[in-house]
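Novice: File my_file_29.cif follows (mmCIF, N, CA and C atoms):
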data_input
loop_
_atom_site.label_atom_id
_atom_site.label_comp_id
_atom_site.auth_asym_id
_atom_site.auth_seq_id
_atom_site.Cartn_x
_atom_site.Cartn_y
_atom_site.Cartn_z
N MET C 227 -42.74 65.24 20.16
CA MET C 227 -42.65 63.79 20.03
C MET C 227 -43.19 63.14 21.30
N THR C 228 -44.05 62.17 21.14
CA THR C 228 -44.61 61.45 22.28
C THR C 228 -43.67 60.32 22.67
N TYR C 229 -43.27 60.30 23.93
CA TYR C 229 -42.41 59.24 24.42
C TYR C 229 -43.26 58.03 24.77
N ARG C 230 -42.90 56.89 24.26
CA ARG C 230 -43.62 55.65 24.56
C ARG C 230 -42.64 54.68 25.18
N TYR C 231 -42.87 54.33 26.42
CA TYR C 231 -42.01 53.41 27.13
C TYR C 231 -41.99 52.07 26.41
N LYS C 232 -40.85 51.44 26.34
CA LYS C 232 -40.73 50.22 25.53
C LYS C 232 -41.57 49.06 26.04
N HIS C 233 -41.98 49.10 27.30
CA HIS C 233 -42.80 48.01 27.84
C HIS C 233 -44.28 48.38 27.89
N HIS C 234 -44.65 49.41 27.17
CA HIS C 234 -46.04 49.89 27.13
C HIS C 234 -46.97 48.77 26.65
N LEU C 235 -48.04 48.53 27.38
CA LEU C 235 -49.04 47.54 26.99
C LEU C 235 -50.26 48.24 26.42
N ASP C 236 -50.79 47.71 25.35
CA ASP C 236 -52.06 48.19 24.82
C ASP C 236 -53.16 47.35 25.43
N TYR C 237 -54.38 47.85 25.42
CA TYR C 237 -55.49 47.08 25.96
C TYR C 237 -56.75 47.38 25.17
N PRO C 238 -57.56 46.35 24.94
CA PRO C 238 -58.78 46.56 24.17
C PRO C 238 -59.80 47.38 24.96
N GLU C 239 -60.61 48.16 24.26
CA GLU C 239 -61.60 49.01 24.92
C GLU C 239 -62.67 48.23 25.65
N GLN C 240 -62.97 47.01 25.20
CA GLN C 240 -64.03 46.24 25.84
C GLN C 240 -63.55 45.55 27.12
N GLU C 241 -62.33 45.76 27.47
CA GLU C 241 -61.76 45.14 28.65
C GLU C 241 -62.39 45.70 29.92
N ASP C 242 -62.34 44.92 30.97
CA ASP C 242 -62.82 45.34 32.28
C ASP C 242 -62.14 46.65 32.67
N PRO C 243 -62.88 47.62 33.21
CA PRO C 243 -62.29 48.91 33.56
C PRO C 243 -61.20 48.81 34.62
N VAL C 244 -61.28 47.84 35.52
CA VAL C 244 -60.23 47.69 36.54
C VAL C 244 -58.94 47.23 35.88
N ILE C 245 -59.03 46.26 34.98
CA ILE C 245 -57.84 45.78 34.27
C ILE C 245 -57.26 46.91 33.42
N SER C 246 -58.12 47.64 32.72
CA SER C 246 -57.66 48.76 31.90
C SER C 246 -56.91 49.78 32.74
N LYS C 247 -57.44 50.08 33.93
CA LYS C 247 -56.79 51.06 34.80
C LYS C 247 -55.44 50.54 35.30
N LEU C 248 -55.38 49.25 35.65
CA LEU C 248 -54.10 48.66 36.08
C LEU C 248 -53.06 48.77 34.98
N VAL C 249 -53.45 48.47 33.75
CA VAL C 249 -52.53 48.57 32.62
C VAL C 249 -52.10 50.02 32.41
N GLU C 250 -53.06 50.94 32.47
CA GLU C 250 -52.75 52.36 32.31
C GLU C 250 -51.76 52.83 33.37
N LEU C 251 -52.00 52.47 34.63
CA LEU C 251 -51.11 52.88 35.72
C LEU C 251 -49.74 52.24 35.59
N THR C 252 -49.71 51.00 35.16
CA THR C 252 -48.43 50.32 34.94
C THR C 252 -47.65 51.04 33.84
N ASN C 253 -48.31 51.37 32.76
CA ASN C 253 -47.65 52.09 31.67
C ASN C 253 -47.09 53.43 32.14
N LYS C 254 -47.83 54.14 32.99
CA LYS C 254 -47.38 55.43 33.50
C LYS C 254 -46.22 55.30 34.48
N SER C 255 -46.06 54.13 35.07
CA SER C 255 -45.05 53.94 36.11
C SER C 255 -43.63 53.87 35.57
N LYS C 256 -43.48 53.65 34.29
CA LYS C 256 -42.17 53.49 33.65
C LYS C 256 -41.47 52.20 34.08
N MET C 257 -42.22 51.29 34.70
CA MET C 257 -41.72 49.95 34.99
C MET C 257 -42.41 49.00 34.03
N SER C 258 -41.77 47.91 33.73
CA SER C 258 -42.43 46.89 32.92
C SER C 258 -43.48 46.20 33.79
N SER C 259 -44.42 45.55 33.14
CA SER C 259 -45.43 44.82 33.92
C SER C 259 -44.76 43.72 34.73
N ALA C 260 -43.71 43.12 34.21
CA ALA C 260 -42.98 42.08 34.95
C ALA C 260 -42.34 42.65 36.21
N GLN C 261 -41.78 43.85 36.12
CA GLN C 261 -41.18 44.49 37.30
C GLN C 261 -42.24 44.79 38.35
N VAL C 262 -43.38 45.30 37.91
CA VAL C 262 -44.47 45.59 38.85
C VAL C 262 -44.92 44.30 39.52
N CYS C 263 -45.10 43.25 38.74
CA CYS C 263 -45.55 41.97 39.29
C CYS C 263 -44.56 41.42 40.31
N LYS C 264 -43.27 41.51 40.01
CA LYS C 264 -42.25 41.04 40.95
C LYS C 264 -42.33 41.79 42.27
N LYS C 265 -42.44 43.12 42.19
CA LYS C 265 -42.52 43.93 43.41
C LYS C 265 -43.80 43.65 44.19
N ALA C 266 -44.87 43.30 43.47
CA ALA C 266 -46.15 43.01 44.12
C ALA C 266 -46.23 41.57 44.59
N ASP C 267 -45.22 40.78 44.28
CA ASP C 267 -45.18 39.36 44.64
C ASP C 267 -46.35 38.58 44.05
N VAL C 268 -46.63 38.88 42.77
CA VAL C 268 -47.60 38.10 42.01
C VAL C 268 -46.86 37.51 40.82
N GLY C 269 -47.46 36.57 40.14
CA GLY C 269 -46.81 35.93 39.00
C GLY C 269 -46.26 36.96 38.02
N VAL C 270 -45.06 36.73 37.52
CA VAL C 270 -44.34 37.72 36.72
C VAL C 270 -45.08 38.15 35.46
N ASN C 271 -45.96 37.33 34.93
CA ASN C 271 -46.72 37.69 33.73
C ASN C 271 -48.19 37.96 34.04
N SER C 272 -48.51 38.22 35.28
CA SER C 272 -49.91 38.36 35.69
C SER C 272 -50.64 39.49 34.96
N ILE C 273 -50.08 40.68 34.97
CA ILE C 273 -50.77 41.83 34.37
C ILE C 273 -51.00 41.57 32.88
N THR C 274 -49.98 41.09 32.21
CA THR C 274 -50.12 40.78 30.79
C THR C 274 -51.18 39.71 30.57
N GLY C 275 -51.20 38.71 31.42
CA GLY C 275 -52.19 37.64 31.31
C GLY C 275 -53.60 38.11 31.59
N TRP C 276 -53.76 38.98 32.57
CA TRP C 276 -55.09 39.51 32.87
C TRP C 276 -55.63 40.29 31.68
N ARG C 277 -54.74 41.06 31.07
CA ARG C 277 -55.14 41.87 29.92
C ARG C 277 -55.48 41.00 28.71
N ALA C 278 -54.65 40.03 28.45
CA ALA C 278 -54.79 39.20 27.24
C ALA C 278 -55.98 38.25 27.29
N THR C 279 -56.35 37.81 28.49
CA THR C 279 -57.39 36.79 28.58
C THR C 279 -58.66 37.28 29.23
N TYR C 280 -58.83 38.61 29.31
CA TYR C 280 -60.03 39.14 29.94
C TYR C 280 -61.29 38.60 29.27
N GLY C 281 -62.23 38.19 30.11
CA GLY C 281 -63.51 37.70 29.60
C GLY C 281 -63.55 36.20 29.41
N THR C 282 -62.38 35.57 29.37
CA THR C 282 -62.36 34.12 29.18
C THR C 282 -62.39 33.40 30.52
N GLY C 283 -62.10 34.13 31.60
CA GLY C 283 -62.04 33.51 32.91
C GLY C 283 -60.72 32.79 33.16
N ALA C 284 -59.86 32.75 32.16
CA ALA C 284 -58.61 32.01 32.26
C ALA C 284 -57.65 32.61 33.28
N ARG C 285 -57.54 33.92 33.33
CA ARG C 285 -56.56 34.55 34.22
C ARG C 285 -57.15 35.77 34.89
N ASN C 286 -58.30 35.64 35.48
CA ASN C 286 -58.90 36.77 36.19
C ASN C 286 -58.15 37.00 37.49
N PRO C 287 -57.82 38.25 37.81
CA PRO C 287 -57.05 38.54 39.01
C PRO C 287 -57.89 38.41 40.28
N SER C 288 -57.23 38.01 41.36
CA SER C 288 -57.89 38.02 42.66
C SER C 288 -57.85 39.45 43.20
N LEU C 289 -58.73 39.74 44.12
CA LEU C 289 -58.75 41.06 44.75
C LEU C 289 -57.42 41.32 45.45
N HIS C 290 -56.87 40.32 46.08
CA HIS C 290 -55.57 40.43 46.75
C HIS C 290 -54.49 40.88 45.76
N ASN C 291 -54.45 40.25 44.58
CA ASN C 291 -53.44 40.60 43.58
C ASN C 291 -53.65 42.00 43.01
N ILE C 292 -54.90 42.38 42.80
CA ILE C 292 -55.18 43.74 42.33
C ILE C 292 -54.66 44.74 43.35
N GLN C 293 -54.94 44.51 44.63
CA GLN C 293 -54.50 45.43 45.67
C GLN C 293 -52.98 45.46 45.77
N ALA C 294 -52.32 44.33 45.61
CA ALA C 294 -50.86 44.28 45.68
C ALA C 294 -50.23 45.08 44.55
N VAL C 295 -50.77 44.94 43.34
CA VAL C 295 -50.25 45.69 42.20
C VAL C 295 -50.50 47.19 42.40
N LEU C 296 -51.69 47.55 42.83
CA LEU C 296 -51.99 48.97 43.07
C LEU C 296 -51.06 49.57 44.11
N LYS C 297 -50.76 48.83 45.15
CA LYS C 297 -49.87 49.32 46.21
C LYS C 297 -48.48 49.63 45.65
N VAL C 298 -47.96 48.74 44.81
CA VAL C 298 -46.65 48.96 44.18
C VAL C 298 -46.67 50.23 43.33
N LEU C 299 -47.79 50.46 42.68
CA LEU C 299 -47.92 51.63 41.80
C LEU C 299 -48.25 52.92 42.56
N GLY C 300 -48.46 52.79 43.88
CA GLY C 300 -48.73 53.97 44.70
C GLY C 300 -50.20 54.31 44.81
N TYR C 301 -51.07 53.33 44.60
CA TYR C 301 -52.51 53.55 44.66
C TYR C 301 -53.15 52.55 45.61
N LYS C 302 -54.41 52.78 45.93
CA LYS C 302 -55.17 51.81 46.70
C LYS C 302 -56.58 51.71 46.12
N LEU C 303 -57.19 50.59 46.34
CA LEU C 303 -58.54 50.35 45.86
C LEU C 303 -59.53 50.94 46.84
N VAL C 304 -60.49 51.70 46.33
CA VAL C 304 -61.50 52.33 47.15
C VAL C 304 -62.87 51.95 46.61
N VAL C 305 -63.79 51.63 47.51
CA VAL C 305 -65.16 51.31 47.14
C VAL C 305 -66.03 52.48 47.55
N ARG C 306 -66.85 52.96 46.63
CA ARG C 306 -67.75 54.06 46.97
C ARG C 306 -69.12 53.81 46.32
N LYS C 307 -70.10 54.39 46.91
CA LYS C 307 -71.47 54.25 46.42
C LYS C 307 -71.63 54.98 45.10
N GLN C 308 -72.32 54.35 44.16
CA GLN C 308 -72.59 54.98 42.88
C GLN C 308 -73.63 56.09 43.05
N SER C 309 -73.49 57.11 42.25
CA SER C 309 -74.50 58.16 42.27
C SER C 309 -75.70 57.68 41.48
N ALA C 310 -76.82 58.35 41.65
CA ALA C 310 -78.05 57.98 40.95
C ALA C 310 -77.90 58.10 39.44
N LYS C 311 -76.98 58.91 38.98
CA LYS C 311 -76.75 59.11 37.55
C LYS C 311 -76.07 57.92 36.89
N ASN C 312 -75.35 57.10 37.67
CA ASN C 312 -74.62 55.95 37.12
C ASN C 312 -75.58 54.82 37.01
#
Turn this file's structure into structure tokens for me.
Specialist:
Amino acid sequence: MTYRYKHHLDYPEQEDPVISKLVELTNKSKMSSAQVCKKADVGVNSITGWRATYGTGARNPSLHNIQAVLKVLGYKLVVRKQSAKN
């Protein structure tokens, strides 16, 4: 039986890969998105809003907020050069 945390968020495949990864990591954390947002000191519905309104420009996350959420989840944002294959 697959355990699904009650606060699990789904996300559309066409969503931005950074938002998708944030949602995936939040789901794996066993915390609700609201709990993660509170600990990151961002708006309590931020992750849900970023996911729901992607592409509309309505609730695009700032780099600061992305980094804050990642830190709470135990990750950090890293920039690296793309390989020639990408």
Novice: Given the file above and the PyMOL selection byres ((chain C and resi 266-273) around 8), which residues are selected, and can you give them as JSON, numbers by chain?
Specialist: {"C": [248, 249, 259, 260, 261, 262, 263, 264, 265, 274, 275, 276, 277, 278, 279, 285, 287, 291, 293, 294, 295, 296, 297, 298, 299]}
Novice: In Å, with one decimal, what is the gap from CA of His290 in chain C to CA of Lys247 in chain C?
Specialist: 16.0 Å
Novice: Atom N of Val244 in chain C and atom C of Asn286 in chain C are how many Å apart?
Specialist: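 Distance between the two atoms: 11.5 Å.
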Novice: Report, in Å with one decimal, the straight-line distance from CA of Met257 in chain C to CA of Gly300 in chain C.
Specialist: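 Rounded to one decimal, the two atoms are 12.6 Å apart.
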Novice: Going by DSSP on the backbone, which residues of range 246-308 of chain C come out as alpha helix (DSSP H)? List them as number ranges by chain.
Specialist: C: 246-255, 259-266, 272-278, 289-299
Novice: Could you write out the selected residues, including N, CA and C atoms, as a short mmCIF file (atom, residue, chain, number, x, y, z; two decimals), in the coordinates of the input?
Specialist:
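Saved result, out03.cif, follows:
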data_model
loop_
_atom_site.label_atom_id
_atom_site.label_comp_id
_atom_site.auth_asym_id
_atom_site.auth_seq_id
_atom_site.Cartn_x
_atom_site.Cartn_y
_atom_site.Cartn_z
N SER C 246 -58.12 47.64 32.72
CA SER C 246 -57.66 48.76 31.90
C SER C 246 -56.91 49.78 32.74
N LYS C 247 -57.44 50.08 33.93
CA LYS C 247 -56.79 51.06 34.80
C LYS C 247 -55.44 50.54 35.30
N LEU C 248 -55.38 49.25 35.65
CA LEU C 248 -54.10 48.66 36.08
C LEU C 248 -53.06 48.77 34.98
N VAL C 249 -53.45 48.47 33.75
CA VAL C 249 -52.53 48.57 32.62
C VAL C 249 -52.10 50.02 32.41
N GLU C 250 -53.06 50.94 32.47
CA GLU C 250 -52.75 52.36 32.31
C GLU C 250 -51.76 52.83 33.37
N LEU C 251 -52.00 52.47 34.63
CA LEU C 251 -51.11 52.88 35.72
C LEU C 251 -49.74 52.24 35.59
N THR C 252 -49.71 51.00 35.16
CA THR C 252 -48.43 50.32 34.94
C THR C 252 -47.65 51.04 33.84
N ASN C 253 -48.31 51.37 32.76
CA ASN C 253 -47.65 52.09 31.67
C ASN C 253 -47.09 53.43 32.14
N LYS C 254 -47.83 54.14 32.99
CA LYS C 254 -47.38 55.43 33.50
C LYS C 254 -46.22 55.30 34.48
N SER C 255 -46.06 54.13 35.07
CA SER C 255 -45.05 53.94 36.11
C SER C 255 -43.63 53.87 35.57
N SER C 259 -44.42 45.55 33.14
CA SER C 259 -45.43 44.82 33.92
C SER C 259 -44.76 43.72 34.73
N ALA C 260 -43.71 43.12 34.21
CA ALA C 260 -42.98 42.08 34.95
C ALA C 260 -42.34 42.65 36.21
N GLN C 261 -41.78 43.85 36.12
CA GLN C 261 -41.18 44.49 37.30
C GLN C 261 -42.24 44.79 38.35
N VAL C 262 -43.38 45.30 37.91
CA VAL C 262 -44.47 45.59 38.85
C VAL C 262 -44.92 44.30 39.52
N CYS C 263 -45.10 43.25 38.74
CA CYS C 263 -45.55 41.97 39.29
C CYS C 263 -44.56 41.42 40.31
N LYS C 264 -43.27 41.51 40.01
CA LYS C 264 -42.25 41.04 40.95
C LYS C 264 -42.33 41.79 42.27
N LYS C 265 -42.44 43.12 42.19
CA LYS C 265 -42.52 43.93 43.41
C LYS C 265 -43.80 43.65 44.19
N ALA C 266 -44.87 43.30 43.47
CA ALA C 266 -46.15 43.01 44.12
C ALA C 266 -46.23 41.57 44.59
N SER C 272 -48.51 38.22 35.28
CA SER C 272 -49.91 38.36 35.69
C SER C 272 -50.64 39.49 34.96
N ILE C 273 -50.08 40.68 34.97
CA ILE C 273 -50.77 41.83 34.37
C ILE C 273 -51.00 41.57 32.88
N THR C 274 -49.98 41.09 32.21
CA THR C 274 -50.12 40.78 30.79
C THR C 274 -51.18 39.71 30.57
N GLY C 275 -51.20 38.71 31.42
CA GLY C 275 -52.19 37.64 31.31
C GLY C 275 -53.60 38.11 31.59
N TRP C 276 -53.76 38.98 32.57
CA TRP C 276 -55.09 39.51 32.87
C TRP C 276 -55.63 40.29 31.68
N ARG C 277 -54.74 41.06 31.07
CA ARG C 277 -55.14 41.87 29.92
C ARG C 277 -55.48 41.00 28.71
N ALA C 278 -54.65 40.03 28.45
CA ALA C 278 -54.79 39.20 27.24
C ALA C 278 -55.98 38.25 27.29
N LEU C 289 -58.73 39.74 44.12
CA LEU C 289 -58.75 41.06 44.75
C LEU C 289 -57.42 41.32 45.45
N HIS C 290 -56.87 40.32 46.08
CA HIS C 290 -55.57 40.43 46.75
C HIS C 290 -54.49 40.88 45.76
N ASN C 291 -54.45 40.25 44.58
CA ASN C 291 -53.44 40.60 43.58
C ASN C 291 -53.65 42.00 43.01
N ILE C 292 -54.90 42.38 42.80
CA ILE C 292 -55.18 43.74 42.33
C ILE C 292 -54.66 44.74 43.35
N GLN C 293 -54.94 44.51 44.63
CA GLN C 293 -54.50 45.43 45.67
C GLN C 293 -52.98 45.46 45.77
N ALA C 294 -52.32 44.33 45.61
CA ALA C 294 -50.86 44.28 45.68
C ALA C 294 -50.23 45.08 44.55
N VAL C 295 -50.77 44.94 43.34
CA VAL C 295 -50.25 45.69 42.20
C VAL C 295 -50.50 47.19 42.40
N LEU C 296 -51.69 47.55 42.83
CA LEU C 296 -51.99 48.97 43.07
C LEU C 296 -51.06 49.57 44.11
N LYS C 297 -50.76 48.83 45.15
CA LYS C 297 -49.87 49.32 46.21
C LYS C 297 -48.48 49.63 45.65
N VAL C 298 -47.96 48.74 44.81
CA VAL C 298 -46.65 48.96 44.18
C VAL C 298 -46.67 50.23 43.33
N LEU C 299 -47.79 50.46 42.68
CA LEU C 299 -47.92 51.63 41.80
C LEU C 299 -48.25 52.92 42.56
#
Novice: Calculate, to one decimal in Å, the centre and edge lengths of the box along x, y and z of the file that holds all listed atoms of range 262-271 of chain C with 8 Å of margin on each side, and present them as AutoDock Vina command-line options.
Specialist:
--center_x -45.2 --center_y 40.8 --center_z 39.2 --size_x 21.9 --size_y 25.7 --size_z 26.9
